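Chemist: Quick one: the structure is below, and I'll ask about it shortly.
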Amino acid sequence: MKFNPWHHVSFGENAPEFVNGIIEIPKNSRAKYELDKESGMLMLDRVLYSSINYPANYGFIPKTYCDDGDPLDILVLSQIDIVPMCLVEAKVIGVMRMMDGGEMDDKIIAVAANDMSVNHLNDISELPPHSLLELRSFFEDYKKLENKEVIVEDFQNRIVAMEVIRQSIVDYEENFVKPKLEKKKLDSGAAAE
């Protein structure tokens with residue numbers, strides 16, 4: 001069985017307060033890297049059409065699943081640009097609720113737990129107002145030149161964010177773990193006959 005970080009890395013022992021984030025895109029990048037679901041490799045999806053850069057390190061939480069068919073997205077705030085495919089312990093502080101192409105596309109907002117410049121933050125309400133404006137502006141603008149609309153609905157606190165994470169873990173188990181267990185039962189039943 002080949003290794004795939006989405007399916008083979010833990011979401012973290014202390015989830016949903018702290019989660020493992022796997023970074024795909026470093027802060028300040030214009031490259032839109034994305035996990036190739038089949039191979040587990042990181043691929044260049046595109047270079048952003050707009051002349052703007054990602055305002056935070058962007059990635060996903062392993063062993064989670066969302067309505068868009070992808071793992072749950074995470075934005076990890078840190079003073080540094082974190083390299084792609086780096087595993088980061090992240091303290092959850094909030095969630096950005098948004099619609100992308102008519103689908104819900106939540107983004108968990110977290111701080112790098114091992115970065116003293118941000119790890120004192122406990123809730124999104126503690127971020128400077130400009131940081132939230134920057135995040136909103138980026139996600140509302142980054143697909144405009146592709147003639148695609150993204151609507152940032154709201155920022156919500158860490159309690160809501162943790163519920164989103166819990167649900168994405170349940171959804172992952174429903175879509176990936178239970179079907180495998182059922183298939184094993186069927187296969188072992190057929191072998192016993």
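For the structure tokens, the naming scheme is as follows: chains receive sequential letters (A, B, ...) according to their order of presentation, residues are indexed from 1 within each chain, and ligands are indexed from 1 in presentation order.
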Set out as JSON lines a contact list for stretch 57-122 of chain A and stretch 140-155 of chain A with a cut-off of 8 Å, giving each residue of stretch 57-122 of chain A that qualifies its closest atom pair and distance in Å to one decimal, counting only C-alpha atoms, ordered by chain and rising residue number.

Modeler:
```
{"residue": "A:Gly94", "atom": "CA", "partner": "A:Phe155", "partner_atom": "CA", "distance": 7.1}
{"residue": "A:Val95", "atom": "CA", "partner": "A:Phe155", "partner_atom": "CA", "distance": 5.7}
{"residue": "A:Met96", "atom": "CA", "partner": "A:Phe155", "partner_atom": "CA", "distance": 4.5}
{"residue": "A:Arg97", "atom": "CA", "partner": "A:Asp154", "partner_atom": "CA", "distance": 5.3}
{"residue": "A:Met98", "atom": "CA", "partner": "A:Val152", "partner_atom": "CA", "distance": 4.2}
{"residue": "A:Met99", "atom": "CA", "partner": "A:Ile151", "partner_atom": "CA", "distance": 5.1}
{"residue": "A:Asp100", "atom": "CA", "partner": "A:Val150", "partner_atom": "CA", "distance": 4.7}
{"residue": "A:Gly101", "atom": "CA", "partner": "A:Glu149", "partner_atom": "CA", "distance": 6.3}
```

Chemist: Report the residues of chain A whose backbone DSSP state falls under helix (DSSP H, G or I), written as a ChimeraX atom specification.

Modeler: /A:5-8,124-126,129-141,144-146,158-192

Chemist: Pick out the residues sitting within 12 Å of A:Glu38, and hand them over as a list in words; count only C-alpha atoms, and ignore anything fewer than 3 positions along from it in its own chain.

Modeler: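 The contact residues come out as Met1, Lys2, Phe3, Asn4, Pro5, Trp6, His7, Glu34, Leu35, Met41, Leu42 and Met43 of chain A.
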
Chemist: Give me the residues near A:Ser78 as a PyMOL selection string, where near means some atom within 7 Å (using only C-alpha atoms) and where sequence neighbours in that chain fewer than 3 positions away do not count.

Modeler: chain A and resi 111-112+115+118

Chemist: Please identify all polymer residues within 12 Å of stretch 170-182 of chain A, counting only C-alpha atoms, omitting same-chain residues fewer than 2 positions from it, and present them as a list in words.

Modeler: Trp6, His7, His8, Phe11, Ile61, Pro62, Lys63, Thr64, Tyr65, Cys66, Asp67, Asp68, Gly69, Asp70, Pro71, Leu72, Glu163, Val164, Ile165, Arg166, Gln167, Ser168, Lys184, Lys185, Leu186, Asp187, Ser188 and Gly189 of chain A

Chemist: Store the residues picked out above, limited to N, CA, C and O atoms, as a CSV table (one decimal), in the first residue's frame.

Modeler:
```
chain,number,residue,atom,x,y,z
A,6,TRP,N,-2.8,12.2,3.4
A,6,TRP,CA,-4.2,12.4,3.7
A,6,TRP,C,-4.7,11.2,4.6
A,6,TRP,O,-5.4,11.4,5.6
A,7,HIS,N,-4.4,10.0,4.2
A,7,HIS,CA,-4.9,8.8,4.8
A,7,HIS,C,-4.0,8.2,5.9
A,7,HIS,O,-4.5,7.4,6.6
A,8,HIS,N,-2.7,8.5,5.9
A,8,HIS,CA,-1.8,7.8,6.7
A,8,HIS,C,-1.2,8.6,7.8
A,8,HIS,O,-0.4,8.1,8.6
A,11,PHE,N,-4.6,13.0,12.5
A,11,PHE,CA,-5.0,14.4,12.7
A,11,PHE,C,-4.5,15.0,14.0
A,11,PHE,O,-4.7,16.2,14.3
A,61,ILE,N,-5.9,19.2,7.1
A,61,ILE,CA,-5.8,18.3,8.3
A,61,ILE,C,-6.1,16.9,7.8
A,61,ILE,O,-7.1,16.6,7.2
A,62,PRO,N,-5.1,16.0,8.1
A,62,PRO,CA,-5.2,14.6,7.6
A,62,PRO,C,-6.4,13.9,8.3
A,62,PRO,O,-6.8,14.3,9.4
A,63,LYS,N,-6.9,12.9,7.6
A,63,LYS,CA,-8.0,12.0,8.1
A,63,LYS,C,-9.3,12.8,8.4
A,63,LYS,O,-10.0,12.6,9.4
A,64,THR,N,-9.5,13.9,7.5
A,64,THR,CA,-10.7,14.7,7.6
A,64,THR,C,-11.3,14.7,6.2
A,64,THR,O,-10.6,14.4,5.2
A,65,TYR,N,-12.6,15.0,6.1
A,65,TYR,CA,-13.3,15.0,4.8
A,65,TYR,C,-14.4,16.0,4.9
A,65,TYR,O,-15.1,16.2,5.9
A,66,CYS,N,-14.5,16.7,3.7
A,66,CYS,CA,-15.5,17.8,3.7
A,66,CYS,C,-16.4,17.6,2.4
A,66,CYS,O,-16.1,16.8,1.6
A,67,ASP,N,-17.5,18.4,2.4
A,67,ASP,CA,-18.5,18.3,1.3
A,67,ASP,C,-17.9,18.5,-0.1
A,67,ASP,O,-18.4,18.0,-1.1
A,68,ASP,N,-16.7,19.2,-0.2
A,68,ASP,CA,-16.1,19.5,-1.5
A,68,ASP,C,-15.3,18.3,-2.0
A,68,ASP,O,-14.6,18.3,-3.0
A,69,GLY,N,-15.3,17.2,-1.2
A,69,GLY,CA,-14.5,16.0,-1.6
A,69,GLY,C,-13.1,16.0,-1.2
A,69,GLY,O,-12.3,15.1,-1.6
A,70,ASP,N,-12.7,17.0,-0.4
A,70,ASP,CA,-11.3,17.2,0.0
A,70,ASP,C,-11.1,17.1,1.5
A,70,ASP,O,-12.1,17.2,2.2
A,71,PRO,N,-9.9,17.0,2.0
A,71,PRO,CA,-9.7,17.1,3.4
A,71,PRO,C,-10.0,18.6,3.9
A,71,PRO,O,-10.0,19.5,3.0
A,72,LEU,N,-10.2,18.7,5.1
A,72,LEU,CA,-10.5,20.1,5.7
A,72,LEU,C,-9.3,21.0,5.6
A,72,LEU,O,-8.2,20.6,6.0
A,163,GLU,N,-15.9,22.3,16.3
A,163,GLU,CA,-17.1,21.5,15.9
A,163,GLU,C,-16.9,21.1,14.4
A,163,GLU,O,-17.3,20.0,14.0
A,164,VAL,N,-16.5,22.1,13.6
A,164,VAL,CA,-16.2,21.8,12.2
A,164,VAL,C,-15.2,20.6,12.0
A,164,VAL,O,-15.4,19.7,11.2
A,165,ILE,N,-14.2,20.7,12.8
A,165,ILE,CA,-13.1,19.6,12.8
A,165,ILE,C,-13.7,18.3,13.2
A,165,ILE,O,-13.5,17.3,12.5
A,166,ARG,N,-14.5,18.3,14.3
A,166,ARG,CA,-15.1,17.0,14.8
A,166,ARG,C,-16.0,16.4,13.6
A,166,ARG,O,-15.9,15.2,13.4
A,167,GLN,N,-16.8,17.3,13.0
A,167,GLN,CA,-17.7,16.8,11.9
A,167,GLN,C,-16.8,16.2,10.7
A,167,GLN,O,-17.2,15.2,10.2
A,168,SER,N,-15.7,16.9,10.4
A,168,SER,CA,-14.9,16.4,9.3
A,168,SER,C,-14.3,15.1,9.6
A,168,SER,O,-14.0,14.3,8.7
A,184,LYS,N,-14.0,-5.6,4.2
A,184,LYS,CA,-13.3,-6.7,4.9
A,184,LYS,C,-14.2,-7.8,5.4
A,184,LYS,O,-14.0,-9.0,5.3
A,185,LYS,N,-15.4,-7.4,6.0
A,185,LYS,CA,-16.4,-8.3,6.5
A,185,LYS,C,-16.9,-9.2,5.3
A,185,LYS,O,-17.1,-10.4,5.5
A,186,LEU,N,-17.2,-8.5,4.2
A,186,LEU,CA,-17.8,-9.2,3.1
A,186,LEU,C,-16.7,-10.2,2.5
A,186,LEU,O,-17.1,-11.3,2.2
A,187,ASP,N,-15.5,-9.7,2.4
A,187,ASP,CA,-14.4,-10.6,1.9
A,187,ASP,C,-14.2,-11.8,2.8
A,187,ASP,O,-14.0,-12.9,2.4
A,188,SER,N,-14.2,-11.6,4.1
A,188,SER,CA,-13.9,-12.7,5.1
A,188,SER,C,-15.1,-13.6,5.1
A,188,SER,O,-14.9,-14.8,5.2
A,189,GLY,N,-16.3,-13.1,4.9
A,189,GLY,CA,-17.5,-14.0,4.8
A,189,GLY,C,-17.5,-14.8,3.6
A,189,GLY,O,-17.8,-16.0,3.6
```

Chemist: Within stretch 8-155 of chain A, find each residue whose DSSP state, derived from the backbone, is strand (DSSP E or B), and express the selection as a CSV table (one decimal) with N, CA and C atoms, in the first residue's frame.

Modeler:
```
chain,number,residue,atom,x,y,z
A,18,PHE,N,-5.9,21.0,19.3
A,18,PHE,CA,-4.6,21.1,18.5
A,18,PHE,C,-4.7,20.0,17.4
A,19,VAL,N,-4.3,20.4,16.2
A,19,VAL,CA,-4.4,19.4,15.1
A,19,VAL,C,-3.0,19.4,14.4
A,20,ASN,N,-2.8,18.3,13.7
A,20,ASN,CA,-1.7,18.3,12.7
A,20,ASN,C,-2.2,18.9,11.4
A,21,GLY,N,-1.4,19.9,11.0
A,21,GLY,CA,-1.7,20.4,9.6
A,21,GLY,C,-0.5,20.0,8.7
A,22,ILE,N,-0.9,19.6,7.5
A,22,ILE,CA,0.1,19.3,6.5
A,22,ILE,C,0.1,20.5,5.5
A,23,ILE,N,1.2,21.2,5.4
A,23,ILE,CA,1.3,22.4,4.6
A,23,ILE,C,1.5,22.0,3.2
A,24,GLU,N,0.6,22.7,2.3
A,24,GLU,CA,0.8,22.5,0.9
A,24,GLU,C,1.4,23.8,0.3
A,25,ILE,N,1.0,24.9,0.8
A,25,ILE,CA,1.4,26.2,0.2
A,25,ILE,C,2.0,27.1,1.3
A,31,ALA,N,2.2,30.2,-5.9
A,31,ALA,CA,1.9,28.9,-6.4
A,31,ALA,C,0.8,28.2,-5.7
A,32,LYS,N,-0.1,27.6,-6.4
A,32,LYS,CA,-1.2,26.9,-5.8
A,32,LYS,C,-0.9,25.4,-5.9
A,33,TYR,N,-0.2,24.9,-4.8
A,33,TYR,CA,0.2,23.5,-4.7
A,33,TYR,C,-1.0,22.8,-4.1
A,34,GLU,N,-1.2,21.5,-4.5
A,34,GLU,CA,-2.4,20.7,-4.0
A,34,GLU,C,-2.0,19.3,-3.9
A,35,LEU,N,-2.5,18.6,-2.9
A,35,LEU,CA,-2.2,17.2,-2.8
A,35,LEU,C,-2.9,16.4,-3.9
A,42,LEU,N,2.6,16.1,-4.0
A,42,LEU,CA,2.2,17.4,-4.1
A,42,LEU,C,2.4,17.9,-5.5
A,43,MET,N,1.3,18.5,-6.1
A,43,MET,CA,1.4,18.9,-7.5
A,43,MET,C,1.1,20.4,-7.6
A,44,LEU,N,1.7,21.0,-8.6
A,44,LEU,CA,1.4,22.4,-8.9
A,44,LEU,C,0.1,22.4,-9.7
A,45,ASP,N,-1.0,22.9,-9.0
A,45,ASP,CA,-2.3,23.1,-9.6
A,45,ASP,C,-2.3,24.2,-10.6
A,46,ARG,N,-1.8,25.4,-10.2
A,46,ARG,CA,-1.7,26.5,-11.0
A,46,ARG,C,-0.9,27.6,-10.3
A,47,VAL,N,-0.5,28.6,-11.0
A,47,VAL,CA,0.1,29.8,-10.5
A,47,VAL,C,-1.1,30.8,-10.4
A,57,ASN,N,0.3,30.2,5.8
A,57,ASN,CA,0.6,28.9,5.4
A,57,ASN,C,-0.7,28.1,5.2
A,58,TYR,N,-0.8,27.4,4.1
A,58,TYR,CA,-2.1,26.8,3.7
A,58,TYR,C,-1.9,25.3,3.5
A,59,GLY,N,-2.8,24.5,4.1
A,59,GLY,CA,-2.7,23.1,3.9
A,59,GLY,C,-4.0,22.4,4.3
A,60,PHE,N,-3.9,21.2,4.9
A,60,PHE,CA,-5.1,20.4,5.2
A,60,PHE,C,-4.8,19.6,6.5
A,61,ILE,N,-5.9,19.2,7.1
A,61,ILE,CA,-5.8,18.3,8.3
A,61,ILE,C,-6.1,16.9,7.8
A,72,LEU,N,-10.2,18.7,5.1
A,72,LEU,CA,-10.5,20.1,5.7
A,72,LEU,C,-9.3,21.0,5.6
A,73,ASP,N,-9.5,22.2,5.0
A,73,ASP,CA,-8.4,23.1,4.8
A,73,ASP,C,-8.0,23.8,6.2
A,74,ILE,N,-6.7,24.2,6.3
A,74,ILE,CA,-6.3,24.9,7.4
A,74,ILE,C,-5.3,26.0,7.0
A,75,LEU,N,-5.4,27.1,7.7
A,75,LEU,CA,-4.5,28.2,7.5
A,75,LEU,C,-3.7,28.3,8.8
A,76,VAL,N,-2.4,28.2,8.7
A,76,VAL,CA,-1.5,28.2,9.9
A,76,VAL,C,-0.7,29.5,9.9
A,77,LEU,N,-1.1,30.3,10.9
A,77,LEU,CA,-0.4,31.6,11.1
A,77,LEU,C,1.0,31.3,11.8
A,87,LEU,N,4.8,18.8,8.4
A,87,LEU,CA,3.8,18.5,9.4
A,87,LEU,C,3.9,19.5,10.5
A,88,VAL,N,2.8,20.2,10.8
A,88,VAL,CA,2.9,21.3,11.8
A,88,VAL,C,1.8,21.1,12.9
A,89,GLU,N,2.2,21.1,14.2
A,89,GLU,CA,1.2,21.1,15.2
A,89,GLU,C,0.6,22.5,15.3
A,90,ALA,N,-0.7,22.5,15.2
A,90,ALA,CA,-1.4,23.8,15.1
A,90,ALA,C,-2.5,24.0,16.1
A,91,LYS,N,-2.5,25.1,16.8
A,91,LYS,CA,-3.5,25.4,17.8
A,91,LYS,C,-4.7,26.1,17.1
A,92,VAL,N,-5.9,25.5,17.2
A,92,VAL,CA,-7.0,26.0,16.5
A,92,VAL,C,-7.6,27.3,17.2
A,93,ILE,N,-7.8,28.4,16.4
A,93,ILE,CA,-8.3,29.6,17.0
A,93,ILE,C,-9.6,30.1,16.4
A,94,GLY,N,-10.0,29.5,15.2
A,94,GLY,CA,-11.2,29.9,14.6
A,94,GLY,C,-11.4,29.3,13.2
A,95,VAL,N,-12.4,29.7,12.5
A,95,VAL,CA,-12.8,29.2,11.2
A,95,VAL,C,-13.3,30.3,10.3
A,96,MET,N,-12.9,30.3,9.1
A,96,MET,CA,-13.5,31.2,8.1
A,96,MET,C,-14.5,30.4,7.3
A,97,ARG,N,-15.7,30.8,7.3
A,97,ARG,CA,-16.8,30.1,6.6
A,97,ARG,C,-16.9,30.8,5.2
A,98,MET,N,-16.8,30.0,4.2
A,98,MET,CA,-16.9,30.6,2.8
A,98,MET,C,-17.5,29.6,1.8
A,99,MET,N,-18.0,30.2,0.7
A,99,MET,CA,-18.6,29.5,-0.4
A,99,MET,C,-17.6,29.6,-1.6
A,100,ASP,N,-17.2,28.5,-2.2
A,100,ASP,CA,-16.4,28.5,-3.3
A,100,ASP,C,-17.0,27.7,-4.4
A,103,GLU,N,-20.1,25.8,-3.2
A,103,GLU,CA,-20.0,24.7,-2.2
A,103,GLU,C,-19.4,25.4,-0.9
A,104,MET,N,-19.8,24.9,0.2
A,104,MET,CA,-19.1,25.3,1.5
A,104,MET,C,-17.7,24.8,1.4
A,107,LYS,N,-12.4,27.1,6.1
A,107,LYS,CA,-10.9,27.1,6.4
A,107,LYS,C,-10.7,27.3,7.9
A,108,ILE,N,-10.1,26.3,8.5
A,108,ILE,CA,-9.7,26.4,9.9
A,108,ILE,C,-8.6,27.4,10.0
A,109,ILE,N,-8.6,28.2,11.0
A,109,ILE,CA,-7.6,29.2,11.2
A,109,ILE,C,-6.9,28.8,12.5
A,110,ALA,N,-5.6,28.6,12.4
A,110,ALA,CA,-4.8,28.1,13.6
A,110,ALA,C,-3.5,28.9,13.6
A,111,VAL,N,-2.8,28.7,14.8
A,111,VAL,CA,-1.4,29.2,14.9
A,111,VAL,C,-0.5,28.1,15.1
A,112,ALA,N,0.7,28.3,14.6
A,112,ALA,CA,1.8,27.2,14.8
A,112,ALA,C,2.1,27.1,16.3
A,150,VAL,N,-15.8,33.7,-5.0
A,150,VAL,CA,-15.7,33.1,-3.7
A,150,VAL,C,-16.3,34.1,-2.7
A,151,ILE,N,-17.2,33.6,-1.9
A,151,ILE,CA,-17.8,34.5,-0.9
A,151,ILE,C,-17.4,34.1,0.5
A,152,VAL,N,-16.7,35.0,1.2
A,152,VAL,CA,-16.4,34.8,2.6
A,152,VAL,C,-17.6,35.2,3.4
A,153,GLU,N,-18.2,34.2,4.1
A,153,GLU,CA,-19.4,34.5,4.8
A,153,GLU,C,-19.1,35.1,6.2
A,154,ASP,N,-18.2,34.5,6.9
A,154,ASP,CA,-18.0,35.0,8.3
A,154,ASP,C,-16.8,34.3,8.9
A,155,PHE,N,-16.2,35.0,9.9
A,155,PHE,CA,-15.2,34.4,10.8
A,155,PHE,C,-15.9,34.0,12.1
```

Chemist: One decimal, in Å: what's the spacing between atom CA of A:Pro26 and atom CA of A:Val83?

Modeler: 5.7 Å

Chemist: At what distance in Å, to one decimal, does atom CA of A:Tyr54 lie from atom CA of A:His130?

Modeler: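 Atom CA of A:Tyr54 lies at a distance of 15.0 Å from atom CA of A:His130.
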
Chemist: So which one's closest to A:Leu48, A:Met116, A:Asn122, A:Glu134, A:Phe139? Using only C-alpha atoms, please.

Modeler: A:Phe139

Chemist: Hey, can you check how far atom CA of A:Asp105 sits from atom CA of A:Ala56?

Modeler: 16.6 Å
